[in-house]
Amino acid sequence: MAEQTGQEGGRREGQVVRVAGPLVVAKGLAGTKMYETVRVGKMKLFGEVIEIRGDQYSIQVYEETEGVGPGEPVVPSGAPLSVELGPGLVKAIYDGIQRPLDTLRNEFGDFIVRGAESPALDRKVKWTFEPKVAAGAEVVPGDVIGTVQESKLVLHKIMVPPGVSGKVAKIAKGEYTVEETVAVVETATGPRNLQMMQKWPVRHARQVVKKFPPTVPLVTGQRVIDMFFPMTKGGTACVPGPFGSGKTVVQHQLAKWADADIIVYVGCGERGNEMTDVLMEFPELADPKSGEPLMERTVLVANTSNMPVAAREASVFTGITIAEYFRDMGYDVAMMADSTSRWAEAMREISGRLEEMPGEEGYPAYLGSRIATFYERSGSVQCLGREERKGSLSIIGAVSPPGGDLSDPVVQATLRVVKVFWGLDASLAYQRHFPAISWLKSYSLYQQIVDEYADRELDKAWSGVRKEAMAILQREEELEELVRLVGLDALSAPDRLLMEASKSVREDFLHQNAFDDIDTYSSLKKQLLLLQTVLHFYAEATKSLQRGSGIDEIASLPIRDEISRAKLIKEQELDKFQKVMDGITEQCGKLGKAAVKAGA
């Protein structure tokens, strides 16, 4: 990002007049605009103008301001906070303002030095550019002019940037860096050189032709999500929950197994050890579809809790802009933001230092609109360009309300804009039930869409099986109060059988071990077969009960152990479910016949 000094471009160097933590107030920056980036002090700390009052320019600095004092220079850059987009993003690990952490470590050591700067995309690496248009072709914004094999899993499409259209005068082929010209386009205002890299301001959503209603489920491999509270490609979800309830584990599972082409994972203000787990695990994990390392299709943005607070907001917008860029290539992108509460807390701190009128619980009055601005950048879209190309961007945001209080302003502001609510329950987590997503509090507004899709594309029994299982869980909740008052033995035999069936749904279907190689992921077909197996036991046991069998005999049938182990059936051996169901029919049938014979 080019820096301008002196009177160039109508801007001039300013001076620091006040420092309040990450907020620096400067004067003398005539011509500088809102959200323009600046360099603060002798160490050239990176900052952004967030308020202008007369000649007073308030700047949020994305680095520690210790040692900065009045009178030090402030130099405007002439451009808003922007990210570099091009080959080299995949497998990269950035901080909140897109500085490559691995490069900074090589240059400065294990700790980030204040004022350190390094380009987001390596200027020395040469990429093999394969042209997709010929000289003389007419191009418009969004057209793919060439491709680069960025990783084993990602074919990077080089697109014509917005605002450029005309006839291709020259097109290159071979190895080039991201700064070298690979095409020349004759536009109405003259020739325009195109590189493999483009820049985009993070606070502006990238342009699309139009948005479509969501129609295809985002398969996560997590049974409680896909079956009961599904999400669609291009959808939005939030995962609120108290400390220790498993928000980060859920986010990790979604990042690992979600049916997306590209994963953008943003650690926003989370503990350093959790981000370390991500950085250590992802290169070791195998992509379920290709067998290649998961990092081959992942971009990581790390802004841990010990990094400057102001950079948390930037990290969220940096991540969403990178995600939009890959969406524009026609990919299905899933973005994980963990956690948006830390982002909101950063907004509250900066707002307080700006002396703005506080809203609920001290958060700024614009909290809701800022959260909506972020989530509204999701969607299933038709990308720019003459060739019809569809892409999607799904956003899953974790929320960490104090004490798990779902009336927290950040949770409520989030729920107003997202369509899926995966409410984590601390009591489930303490019982070692993971994922600890409450089946009674959670909801999905995409349920009907996914039911129709699964009934049509997978099996027409899908929606009926789901509804039956949910009815059992809800009936169990009604009976729980009675059990607490008079005990389980006071229930009628049919109600006790329902409690057994509900226990099987919870323990054999909803409970899923993230650390088991087989159980960590279940395809939609396996999920359906597993739930059908559990419900088949309930149906056959009900028949046996009606013939006079005892509830204790039914509960202790040997086949129940096989039902519990059915979740460990491999994806290649799904025919084994039929054997389990045949075993259920046989054992329940024998028990029922014995009861009839004894009664006779």
# chains A, B, ... in the order shown; residues from 1 in each chain; ligands from 1
>>> residues_around(residues="Phe509 (chain A)", least_positions_apart="5", cutoff="9 Å", atoms="only C-alpha atoms", output="number ranges by chain")
A: 223-224, 504, 527, 530-531, 534, 564, 567
>>> select_by_dssp(residues="region 201-293 of chain A", states="strand (DSSP E)", output="PDB file with C-alpha atoms, in the first residue's frame")
ATOM      1  CA  PRO A 201     -11.112  -2.542   0.748  1.00  0.00           C
ATOM      2  CA  LYS A 210     -27.544 -11.309  -7.925  1.00  0.00           C
ATOM      3  CA  LYS A 211     -28.258 -13.460  -4.892  1.00  0.00           C
ATOM      4  CA  PHE A 212     -30.254 -16.687  -4.906  1.00  0.00           C
ATOM      5  CA  THR A 236     -25.618 -18.067   8.350  1.00  0.00           C
ATOM      6  CA  ALA A 237     -25.407 -19.678  11.782  1.00  0.00           C
ATOM      7  CA  CYS A 238     -24.352 -18.730  15.281  1.00  0.00           C
ATOM      8  CA  VAL A 239     -23.013 -20.966  18.052  1.00  0.00           C
ATOM      9  CA  PRO A 240     -23.533 -19.287  21.437  1.00  0.00           C
ATOM     10  CA  ILE A 262     -12.544 -23.385   0.654  1.00  0.00           C
ATOM     11  CA  ILE A 263     -12.362 -22.842   4.432  1.00  0.00           C
ATOM     12  CA  VAL A 264     -11.527 -19.443   5.928  1.00  0.00           C
ATOM     13  CA  TYR A 265     -10.997 -19.730   9.694  1.00  0.00           C
ATOM     14  CA  VAL A 266     -10.763 -16.502  11.714  1.00  0.00           C
ATOM     15  CA  GLY A 267      -9.611 -16.730  15.335  1.00  0.00           C
ATOM     16  CA  CYS A 268     -10.870 -13.403  16.655  1.00  0.00           C
TER      17      CYS A 268
END
>>> select_by_dssp(residues="region 543-590 of chain A", states="helix (DSSP H, G or I)", output="ChimeraX atom specification")
/A:543-546,551-555,559-568,571-573,576-590
>>> closest_atom_pairs(of="region 193-310 of chain A", to="region 411-423 of chain A", cutoff="12 Å", atoms="only C-alpha atoms", output="JSON lines")
{"residue": "A:Pro214", "atom": "CA", "partner": "A:Lys419", "partner_atom": "CA", "distance": 11.2}
{"residue": "A:Val224", "atom": "CA", "partner": "A:Trp422", "partner_atom": "CA", "distance": 9.6}
{"residue": "A:Ile225", "atom": "CA", "partner": "A:Trp422", "partner_atom": "CA", "distance": 8.1}
{"residue": "A:Asp226", "atom": "CA", "partner": "A:Trp422", "partner_atom": "CA", "distance": 11.5}
{"residue": "A:Phe228", "atom": "CA", "partner": "A:Trp422", "partner_atom": "CA", "distance": 10.2}
{"residue": "A:Phe229", "atom": "CA", "partner": "A:Val420", "partner_atom": "CA", "distance": 7.1}
{"residue": "A:Pro230", "atom": "CA", "partner": "A:Val420", "partner_atom": "CA", "distance": 7.7}
{"residue": "A:Met231", "atom": "CA", "partner": "A:Val420", "partner_atom": "CA", "distance": 6.8}
{"residue": "A:Thr232", "atom": "CA", "partner": "A:Val420", "partner_atom": "CA", "distance": 9.5}
{"residue": "A:Gly234", "atom": "CA", "partner": "A:Lys419", "partner_atom": "CA", "distance": 10.8}
{"residue": "A:Gly235", "atom": "CA", "partner": "A:Lys419", "partner_atom": "CA", "distance": 7.2}
{"residue": "A:Thr236", "atom": "CA", "partner": "A:Val418", "partner_atom": "CA", "distance": 5.1}
{"residue": "A:Ala237", "atom": "CA", "partner": "A:Val420", "partner_atom": "CA", "distance": 4.4}
{"residue": "A:Cys238", "atom": "CA", "partner": "A:Phe421", "partner_atom": "CA", "distance": 5.4}
{"residue": "A:Val239", "atom": "CA", "partner": "A:Trp422", "partner_atom": "CA", "distance": 5.0}
{"residue": "A:Pro240", "atom": "CA", "partner": "A:Gly423", "partner_atom": "CA", "distance": 5.6}
{"residue": "A:Gly241", "atom": "CA", "partner": "A:Gly423", "partner_atom": "CA", "distance": 6.3}
{"residue": "A:Pro242", "atom": "CA", "partner": "A:Gly423", "partner_atom": "CA", "distance": 9.8}
{"residue": "A:Ser245", "atom": "CA", "partner": "A:Gly423", "partner_atom": "CA", "distance": 9.8}
{"residue": "A:Gly246", "atom": "CA", "partner": "A:Gly423", "partner_atom": "CA", "distance": 10.7}
{"residue": "A:Lys247", "atom": "CA", "partner": "A:Gly423", "partner_atom": "CA", "distance": 9.6}
{"residue": "A:Val250", "atom": "CA", "partner": "A:Trp422", "partner_atom": "CA", "distance": 9.8}
{"residue": "A:Gln251", "atom": "CA", "partner": "A:Trp422", "partner_atom": "CA", "distance": 11.3}
>>> write_last_selection(atoms="N, CA and C atoms", output="PDB file, in the first residue's frame")
ATOM      1  N   PRO A 214     -31.241 -19.907  -0.730  1.00  0.00           N
ATOM      2  CA  PRO A 214     -30.468 -21.132  -0.499  1.00  0.00           C
ATOM      3  C   PRO A 214     -31.303 -22.373  -0.789  1.00  0.00           C
ATOM      4  N   VAL A 224     -26.189 -34.140  14.783  1.00  0.00           N
ATOM      5  CA  VAL A 224     -27.180 -33.257  15.396  1.00  0.00           C
ATOM      6  C   VAL A 224     -27.444 -32.045  14.516  1.00  0.00           C
ATOM      7  N   ILE A 225     -26.435 -31.629  13.752  1.00  0.00           N
ATOM      8  CA  ILE A 225     -26.592 -30.462  12.872  1.00  0.00           C
ATOM      9  C   ILE A 225     -27.306 -30.853  11.591  1.00  0.00           C
ATOM     10  N   ASP A 226     -26.770 -31.822  10.865  1.00  0.00           N
ATOM     11  CA  ASP A 226     -27.315 -32.156   9.547  1.00  0.00           C
ATOM     12  C   ASP A 226     -28.741 -32.685   9.619  1.00  0.00           C
ATOM     13  N   PHE A 228     -31.042 -32.438  12.462  1.00  0.00           N
ATOM     14  CA  PHE A 228     -32.043 -31.669  13.210  1.00  0.00           C
ATOM     15  C   PHE A 228     -31.963 -30.156  12.999  1.00  0.00           C
ATOM     16  N   PHE A 229     -30.774 -29.603  12.827  1.00  0.00           N
ATOM     17  CA  PHE A 229     -30.642 -28.144  12.698  1.00  0.00           C
ATOM     18  C   PHE A 229     -29.697 -27.813  11.541  1.00  0.00           C
ATOM     19  N   PRO A 230     -30.113 -28.141  10.323  1.00  0.00           N
ATOM     20  CA  PRO A 230     -29.197 -28.039   9.178  1.00  0.00           C
ATOM     21  C   PRO A 230     -28.944 -26.613   8.735  1.00  0.00           C
ATOM     22  N   MET A 231     -27.883 -26.486   7.964  1.00  0.00           N
ATOM     23  CA  MET A 231     -27.507 -25.201   7.381  1.00  0.00           C
ATOM     24  C   MET A 231     -27.373 -25.387   5.877  1.00  0.00           C
ATOM     25  N   THR A 232     -27.570 -24.329   5.131  1.00  0.00           N
ATOM     26  CA  THR A 232     -27.452 -24.398   3.683  1.00  0.00           C
ATOM     27  C   THR A 232     -26.183 -23.688   3.208  1.00  0.00           C
ATOM     28  N   GLY A 234     -24.379 -20.899   1.657  1.00  0.00           N
ATOM     29  CA  GLY A 234     -24.779 -19.506   1.562  1.00  0.00           C
ATOM     30  C   GLY A 234     -25.571 -19.036   2.758  1.00  0.00           C
ATOM     31  N   GLY A 235     -25.685 -19.886   3.779  1.00  0.00           N
ATOM     32  CA  GLY A 235     -26.465 -19.549   4.963  1.00  0.00           C
ATOM     33  C   GLY A 235     -25.622 -18.955   6.079  1.00  0.00           C
ATOM     34  N   THR A 236     -26.291 -18.647   7.179  1.00  0.00           N
ATOM     35  CA  THR A 236     -25.618 -18.067   8.350  1.00  0.00           C
ATOM     36  C   THR A 236     -26.048 -18.827   9.595  1.00  0.00           C
ATOM     37  N   ALA A 237     -25.110 -18.985  10.528  1.00  0.00           N
ATOM     38  CA  ALA A 237     -25.407 -19.678  11.782  1.00  0.00           C
ATOM     39  C   ALA A 237     -24.598 -19.053  12.899  1.00  0.00           C
ATOM     40  N   CYS A 238     -25.130 -19.161  14.129  1.00  0.00           N
ATOM     41  CA  CYS A 238     -24.352 -18.730  15.281  1.00  0.00           C
ATOM     42  C   CYS A 238     -24.330 -19.850  16.313  1.00  0.00           C
ATOM     43  N   VAL A 239     -23.219 -19.918  17.046  1.00  0.00           N
ATOM     44  CA  VAL A 239     -23.013 -20.966  18.052  1.00  0.00           C
ATOM     45  C   VAL A 239     -22.736 -20.292  19.385  1.00  0.00           C
ATOM     46  N   PRO A 240     -23.775 -19.900  20.128  1.00  0.00           N
ATOM     47  CA  PRO A 240     -23.533 -19.287  21.437  1.00  0.00           C
ATOM     48  C   PRO A 240     -23.451 -20.339  22.529  1.00  0.00           C
ATOM     49  N   GLY A 241     -22.690 -20.054  23.543  1.00  0.00           N
ATOM     50  CA  GLY A 241     -22.599 -20.984  24.659  1.00  0.00           C
ATOM     51  C   GLY A 241     -21.631 -20.480  25.713  1.00  0.00           C
ATOM     52  N   PRO A 242     -21.771 -20.957  26.949  1.00  0.00           N
ATOM     53  CA  PRO A 242     -20.874 -20.524  28.028  1.00  0.00           C
ATOM     54  C   PRO A 242     -19.487 -21.132  27.896  1.00  0.00           C
ATOM     55  N   SER A 245     -18.283 -25.091  26.960  1.00  0.00           N
ATOM     56  CA  SER A 245     -19.391 -25.871  26.385  1.00  0.00           C
ATOM     57  C   SER A 245     -19.066 -26.443  25.011  1.00  0.00           C
ATOM     58  N   GLY A 246     -17.909 -26.101  24.469  1.00  0.00           N
ATOM     59  CA  GLY A 246     -17.478 -26.739  23.222  1.00  0.00           C
ATOM     60  C   GLY A 246     -17.673 -25.933  21.956  1.00  0.00           C
ATOM     61  N   LYS A 247     -17.735 -24.589  22.057  1.00  0.00           N
ATOM     62  CA  LYS A 247     -17.900 -23.757  20.858  1.00  0.00           C
ATOM     63  C   LYS A 247     -16.758 -23.974  19.886  1.00  0.00           C
ATOM     64  N   VAL A 250     -16.801 -27.347  18.136  1.00  0.00           N
ATOM     65  CA  VAL A 250     -17.798 -27.358  17.063  1.00  0.00           C
ATOM     66  C   VAL A 250     -17.265 -26.636  15.836  1.00  0.00           C
ATOM     67  N   GLN A 251     -16.655 -25.468  16.049  1.00  0.00           N
ATOM     68  CA  GLN A 251     -16.076 -24.708  14.934  1.00  0.00           C
ATOM     69  C   GLN A 251     -14.992 -25.511  14.226  1.00  0.00           C
TER      70      GLN A 251
END
>>> residues_around(residues="region 114-129 of chain A", least_positions_apart="4", cutoff="9 Å", atoms="only C-alpha atoms", output="NGL selection string")
:A and (1 or 39 or 43-46 or 63-65 or 83-89 or 92 or 94 or 98-100 or 103-104 or 108 or 146-150 or 158 or 172-179 or 182 or 196-197)
>>> residues_around(residues="Tyr521 (chain A)", least_positions_apart="5", cutoff="12 Å", atoms="only C-alpha atoms", output="PyMOL selection string")
chain A and resi 219-226+253-254+256-259+287-289+511-516+526-527+567-571
>>> write_last_selection(atoms="N, CA and C atoms", output="mmCIF file, in the first residue's frame")
data_model
loop_
_atom_site.group_PDB
_atom_site.id
_atom_site.type_symbol
_atom_site.label_atom_id
_atom_site.label_comp_id
_atom_site.auth_asym_id
_atom_site.auth_seq_id
_atom_site.Cartn_x
_atom_site.Cartn_y
_atom_site.Cartn_z
ATOM 1 N N VAL A 219 -23.368 -29.839 4.126
ATOM 2 C CA VAL A 219 -23.198 -31.072 4.895
ATOM 3 C C VAL A 219 -21.968 -30.941 5.780
ATOM 4 N N THR A 220 -22.164 -31.139 7.081
ATOM 5 C CA THR A 220 -21.068 -30.972 8.042
ATOM 6 C C THR A 220 -20.556 -32.295 8.592
ATOM 7 N N GLY A 221 -21.332 -33.372 8.404
ATOM 8 C CA GLY A 221 -20.934 -34.661 8.973
ATOM 9 C C GLY A 221 -21.247 -34.784 10.449
ATOM 10 N N GLN A 222 -21.830 -33.741 11.037
ATOM 11 C CA GLN A 222 -22.210 -33.757 12.456
ATOM 12 C C GLN A 222 -23.710 -34.063 12.524
ATOM 13 N N ARG A 223 -24.065 -35.175 13.150
ATOM 14 C CA ARG A 223 -25.429 -35.690 13.057
ATOM 15 C C ARG A 223 -26.477 -34.743 13.626
ATOM 16 N N VAL A 224 -26.189 -34.140 14.783
ATOM 17 C CA VAL A 224 -27.180 -33.257 15.396
ATOM 18 C C VAL A 224 -27.444 -32.045 14.516
ATOM 19 N N ILE A 225 -26.435 -31.629 13.752
ATOM 20 C CA ILE A 225 -26.592 -30.462 12.872
ATOM 21 C C ILE A 225 -27.306 -30.853 11.591
ATOM 22 N N ASP A 226 -26.770 -31.822 10.865
ATOM 23 C CA ASP A 226 -27.315 -32.156 9.547
ATOM 24 C C ASP A 226 -28.741 -32.685 9.619
ATOM 25 N N GLN A 253 -14.695 -28.775 14.105
ATOM 26 C CA GLN A 253 -15.320 -29.880 13.375
ATOM 27 C C GLN A 253 -15.921 -29.399 12.061
ATOM 28 N N LEU A 254 -16.562 -28.231 12.104
ATOM 29 C CA LEU A 254 -17.152 -27.688 10.884
ATOM 30 C C LEU A 254 -16.073 -27.315 9.873
ATOM 31 N N LYS A 256 -13.202 -28.700 9.594
ATOM 32 C CA LYS A 256 -12.593 -29.929 9.077
ATOM 33 C C LYS A 256 -13.491 -30.634 8.062
ATOM 34 N N TRP A 257 -14.797 -30.703 8.360
ATOM 35 C CA TRP A 257 -15.647 -31.625 7.626
ATOM 36 C C TRP A 257 -16.734 -30.986 6.779
ATOM 37 N N ALA A 258 -16.945 -29.688 6.879
ATOM 38 C CA ALA A 258 -18.020 -29.053 6.104
ATOM 39 C C ALA A 258 -17.801 -29.253 4.609
ATOM 40 N N ASP A 259 -18.904 -29.427 3.911
ATOM 41 C CA ASP A 259 -18.880 -29.693 2.469
ATOM 42 C C ASP A 259 -18.641 -28.385 1.709
ATOM 43 N N ASP A 287 -8.173 -34.152 4.181
ATOM 44 C CA ASP A 287 -9.442 -33.738 3.610
ATOM 45 C C ASP A 287 -10.258 -34.992 3.289
ATOM 46 N N PRO A 288 -11.528 -35.087 3.755
ATOM 47 C CA PRO A 288 -12.290 -36.333 3.572
ATOM 48 C C PRO A 288 -12.549 -36.695 2.115
ATOM 49 N N LYS A 289 -12.583 -35.688 1.234
ATOM 50 C CA LYS A 289 -12.896 -35.967 -0.167
ATOM 51 C C LYS A 289 -11.673 -36.370 -0.979
ATOM 52 N N HIS A 511 -24.908 -38.141 20.258
ATOM 53 C CA HIS A 511 -23.546 -38.096 20.790
ATOM 54 C C HIS A 511 -22.567 -38.514 19.696
ATOM 55 N N GLN A 512 -21.511 -37.721 19.522
ATOM 56 C CA GLN A 512 -20.554 -37.989 18.448
ATOM 57 C C GLN A 512 -19.143 -37.670 18.939
ATOM 58 N N ASN A 513 -18.255 -38.603 18.787
ATOM 59 C CA ASN A 513 -16.883 -38.457 19.282
ATOM 60 C C ASN A 513 -16.004 -37.817 18.211
ATOM 61 N N ALA A 514 -15.590 -36.570 18.466
ATOM 62 C CA ALA A 514 -14.769 -35.847 17.489
ATOM 63 C C ALA A 514 -13.380 -36.442 17.340
ATOM 64 N N PHE A 515 -12.958 -37.252 18.303
ATOM 65 C CA PHE A 515 -11.596 -37.784 18.284
ATOM 66 C C PHE A 515 -11.538 -39.239 17.815
ATOM 67 N N ASP A 516 -12.692 -39.787 17.414
ATOM 68 C CA ASP A 516 -12.714 -41.139 16.858
ATOM 69 C C ASP A 516 -12.654 -41.043 15.334
ATOM 70 N N LYS A 526 -25.435 -42.359 6.046
ATOM 71 C CA LYS A 526 -25.180 -43.062 7.298
ATOM 72 C C LYS A 526 -26.045 -42.502 8.424
ATOM 73 N N GLN A 527 -26.218 -41.181 8.450
ATOM 74 C CA GLN A 527 -27.058 -40.574 9.483
ATOM 75 C C GLN A 527 -28.483 -41.112 9.415
ATOM 76 N N LYS A 567 -22.809 -46.684 15.265
ATOM 77 C CA LYS A 567 -22.220 -45.415 14.830
ATOM 78 C C LYS A 567 -20.777 -45.588 14.355
ATOM 79 N N LEU A 568 -20.154 -46.710 14.719
ATOM 80 C CA LEU A 568 -18.770 -46.983 14.322
ATOM 81 C C LEU A 568 -18.675 -47.812 13.040
ATOM 82 N N ILE A 569 -19.825 -48.047 12.390
ATOM 83 C CA ILE A 569 -19.807 -48.710 11.081
ATOM 84 C C ILE A 569 -19.175 -47.772 10.066
ATOM 85 N N LYS A 570 -18.241 -48.282 9.281
ATOM 86 C CA LYS A 570 -17.528 -47.449 8.309
ATOM 87 C C LYS A 570 -18.439 -47.083 7.138
ATOM 88 N N GLU A 571 -18.104 -45.969 6.494
ATOM 89 C CA GLU A 571 -18.897 -45.480 5.370
ATOM 90 C C GLU A 571 -18.947 -46.496 4.221
#
>>> residues_around(residues="Ala461 (chain A)", least_positions_apart="5", cutoff="12 Å", atoms="only C-alpha atoms", output="NGL selection string")
:A and (451-456 or 466-468 or 525 or 528-529 or 531-532)
>>> write_last_selection(atoms="all heavy atoms", output="short mmCIF file (atom, residue, chain, number, x, y, z; two decimals), in the first residue's frame")
data_model
loop_
_atom_site.label_atom_id
_atom_site.label_comp_id
_atom_site.auth_asym_id
_atom_site.auth_seq_id
_atom_site.Cartn_x
_atom_site.Cartn_y
_atom_site.Cartn_z
N ASP A 451 -35.11 -30.50 4.27
CA ASP A 451 -35.98 -31.68 4.24
C ASP A 451 -36.42 -31.99 2.81
O ASP A 451 -36.38 -33.15 2.37
CB ASP A 451 -37.21 -31.44 5.12
CG ASP A 451 -36.95 -31.72 6.59
OD1 ASP A 451 -35.84 -32.19 6.91
OD2 ASP A 451 -37.84 -31.47 7.43
N GLU A 452 -36.84 -30.97 2.09
CA GLU A 452 -37.29 -31.18 0.70
C GLU A 452 -36.14 -31.69 -0.16
O GLU A 452 -36.32 -32.58 -1.00
CB GLU A 452 -37.85 -29.87 0.14
CG GLU A 452 -39.16 -29.45 0.77
CD GLU A 452 -39.62 -28.08 0.32
OE1 GLU A 452 -38.88 -27.43 -0.46
OE2 GLU A 452 -40.72 -27.65 0.74
N TYR A 453 -34.94 -31.12 0.06
CA TYR A 453 -33.77 -31.56 -0.72
C TYR A 453 -33.43 -33.02 -0.41
O TYR A 453 -33.22 -33.83 -1.32
CB TYR A 453 -32.57 -30.67 -0.38
CG TYR A 453 -31.28 -31.10 -1.06
CD1 TYR A 453 -30.93 -30.59 -2.30
CD2 TYR A 453 -30.42 -32.02 -0.46
CE1 TYR A 453 -29.76 -30.98 -2.94
CE2 TYR A 453 -29.25 -32.41 -1.08
CZ TYR A 453 -28.93 -31.90 -2.32
OH TYR A 453 -27.77 -32.30 -2.94
N ALA A 454 -33.39 -33.38 0.88
CA ALA A 454 -33.02 -34.74 1.27
C ALA A 454 -34.08 -35.75 0.84
O ALA A 454 -33.74 -36.86 0.39
CB ALA A 454 -32.80 -34.81 2.78
N ASP A 455 -35.35 -35.39 0.96
CA ASP A 455 -36.41 -36.30 0.50
C ASP A 455 -36.30 -36.56 -0.99
O ASP A 455 -36.57 -37.68 -1.46
CB ASP A 455 -37.79 -35.70 0.82
CG ASP A 455 -38.15 -35.78 2.29
OD1 ASP A 455 -37.46 -36.52 3.02
OD2 ASP A 455 -39.10 -35.09 2.72
N ARG A 456 -35.90 -35.55 -1.73
CA ARG A 456 -35.82 -35.67 -3.19
C ARG A 456 -34.53 -36.34 -3.65
O ARG A 456 -34.54 -37.22 -4.52
CB ARG A 456 -35.93 -34.27 -3.81
CG ARG A 456 -35.92 -34.25 -5.34
CD ARG A 456 -36.07 -32.84 -5.86
NE ARG A 456 -34.93 -32.00 -5.54
CZ ARG A 456 -34.94 -31.01 -4.65
NH1 ARG A 456 -36.04 -30.75 -3.98
NH2 ARG A 456 -33.86 -30.29 -4.43
N ARG A 466 -36.82 -37.80 10.73
CA ARG A 466 -36.38 -36.68 11.57
C ARG A 466 -37.50 -36.21 12.50
O ARG A 466 -37.28 -35.99 13.70
CB ARG A 466 -35.92 -35.52 10.68
CG ARG A 466 -35.43 -34.31 11.47
CD ARG A 466 -35.28 -33.09 10.60
NE ARG A 466 -36.54 -32.64 10.03
CZ ARG A 466 -37.45 -31.96 10.71
NH1 ARG A 466 -37.26 -31.68 11.98
NH2 ARG A 466 -38.58 -31.57 10.12
N LYS A 467 -38.70 -36.06 11.95
CA LYS A 467 -39.82 -35.58 12.76
C LYS A 467 -40.17 -36.57 13.88
O LYS A 467 -40.48 -36.17 15.00
CB LYS A 467 -41.04 -35.34 11.87
CG LYS A 467 -40.88 -34.14 10.95
CD LYS A 467 -42.04 -34.03 9.97
CE LYS A 467 -41.83 -32.86 9.00
NZ LYS A 467 -42.91 -32.80 7.97
N GLU A 468 -40.12 -37.87 13.56
CA GLU A 468 -40.43 -38.88 14.57
C GLU A 468 -39.41 -38.85 15.71
O GLU A 468 -39.78 -38.90 16.89
CB GLU A 468 -40.45 -40.27 13.93
CG GLU A 468 -40.85 -41.37 14.91
CD GLU A 468 -40.84 -42.76 14.28
OE1 GLU A 468 -40.67 -42.85 13.04
OE2 GLU A 468 -41.00 -43.74 15.02
N LYS A 525 -26.28 -40.32 4.28
CA LYS A 525 -26.82 -41.68 4.16
C LYS A 525 -26.63 -42.46 5.45
O LYS A 525 -27.55 -43.13 5.93
CB LYS A 525 -26.13 -42.41 3.00
CG LYS A 525 -26.67 -43.81 2.73
CD LYS A 525 -28.10 -43.76 2.26
CE LYS A 525 -28.62 -45.15 1.89
NZ LYS A 525 -30.05 -45.14 1.51
N LEU A 528 -29.01 -41.20 8.19
CA LEU A 528 -30.37 -41.69 8.03
C LEU A 528 -30.48 -43.14 8.47
O LEU A 528 -31.41 -43.52 9.20
CB LEU A 528 -30.79 -41.54 6.56
CG LEU A 528 -32.20 -42.06 6.22
CD1 LEU A 528 -33.26 -41.30 7.00
CD2 LEU A 528 -32.46 -41.96 4.72
N LEU A 529 -29.53 -43.99 8.07
CA LEU A 529 -29.56 -45.40 8.43
C LEU A 529 -29.44 -45.60 9.95
O LEU A 529 -30.12 -46.45 10.53
CB LEU A 529 -28.44 -46.15 7.71
CG LEU A 529 -28.64 -46.35 6.21
CD1 LEU A 529 -27.36 -46.88 5.57
CD2 LEU A 529 -29.80 -47.29 5.92
N LEU A 531 -30.28 -43.44 12.37
CA LEU A 531 -31.50 -43.02 13.05
C LEU A 531 -32.66 -43.99 12.76
O LEU A 531 -33.46 -44.28 13.64
CB LEU A 531 -31.88 -41.59 12.63
CG LEU A 531 -32.93 -40.89 13.48
CD1 LEU A 531 -32.57 -40.91 14.96
CD2 LEU A 531 -33.16 -39.46 13.01
N GLN A 532 -32.71 -44.51 11.53
CA GLN A 532 -33.73 -45.51 11.21
C GLN A 532 -33.55 -46.76 12.07
O GLN A 532 -34.54 -47.38 12.49
CB GLN A 532 -33.66 -45.87 9.72
CG GLN A 532 -34.29 -44.84 8.80
CD GLN A 532 -34.15 -45.22 7.34
OE1 GLN A 532 -33.13 -45.78 6.92
NE2 GLN A 532 -35.17 -44.92 6.55
#
>>> closest_residue(among="A:Arg432, A:Arg12, A:Arg547, A:Lys441", to="Gly244 (chain A)", atoms="only C-alpha atoms")
A:Arg432
>>> residues_around(residues="Gln587 (chain A)", least_positions_apart="6", cutoff="9 Å", atoms="only C-alpha atoms", output="CSV table (one decimal) with N, CA and C atoms, in the first residue's frame")
chain,number,residue,atom,x,y,z
A,557,LEU,N,-32.1,-56.4,26.0
A,557,LEU,CA,-31.9,-57.2,24.8
A,557,LEU,C,-30.4,-57.1,24.4
A,558,PRO,N,-29.7,-58.1,24.0
A,558,PRO,CA,-28.3,-58.0,23.5
A,558,PRO,C,-28.1,-57.1,22.3
A,559,ILE,N,-29.2,-57.0,21.5
A,559,ILE,CA,-29.1,-56.2,20.2
A,559,ILE,C,-28.8,-54.7,20.5
>>> residues_around(residues="Lys152 (chain A)", least_positions_apart="6", cutoff="9 Å", atoms="only C-alpha atoms", output="PDB file with N, CA and C atoms, in the first residue's frame")
ATOM      1  N   GLU A 292      -5.928 -35.333   0.816  1.00  0.00           N
ATOM      2  CA  GLU A 292      -4.816 -34.386   0.947  1.00  0.00           C
ATOM      3  C   GLU A 292      -4.941 -33.628   2.266  1.00  0.00           C
ATOM      4  N   GLU A 296      -4.560 -27.575   2.384  1.00  0.00           N
ATOM      5  CA  GLU A 296      -4.504 -27.357   0.938  1.00  0.00           C
ATOM      6  C   GLU A 296      -5.703 -26.566   0.428  1.00  0.00           C
ATOM      7  N   ARG A 297      -6.722 -26.384   1.278  1.00  0.00           N
ATOM      8  CA  ARG A 297      -7.886 -25.576   0.872  1.00  0.00           C
ATOM      9  C   ARG A 297      -8.332 -24.635   1.998  1.00  0.00           C
TER      10      ARG A 297
END
>>> closest_residue(among="A:Val580, A:Val61, A:Ala337, A:Ala471", to="Asp561 (chain A)", atoms="only C-alpha atoms")
A:Val580
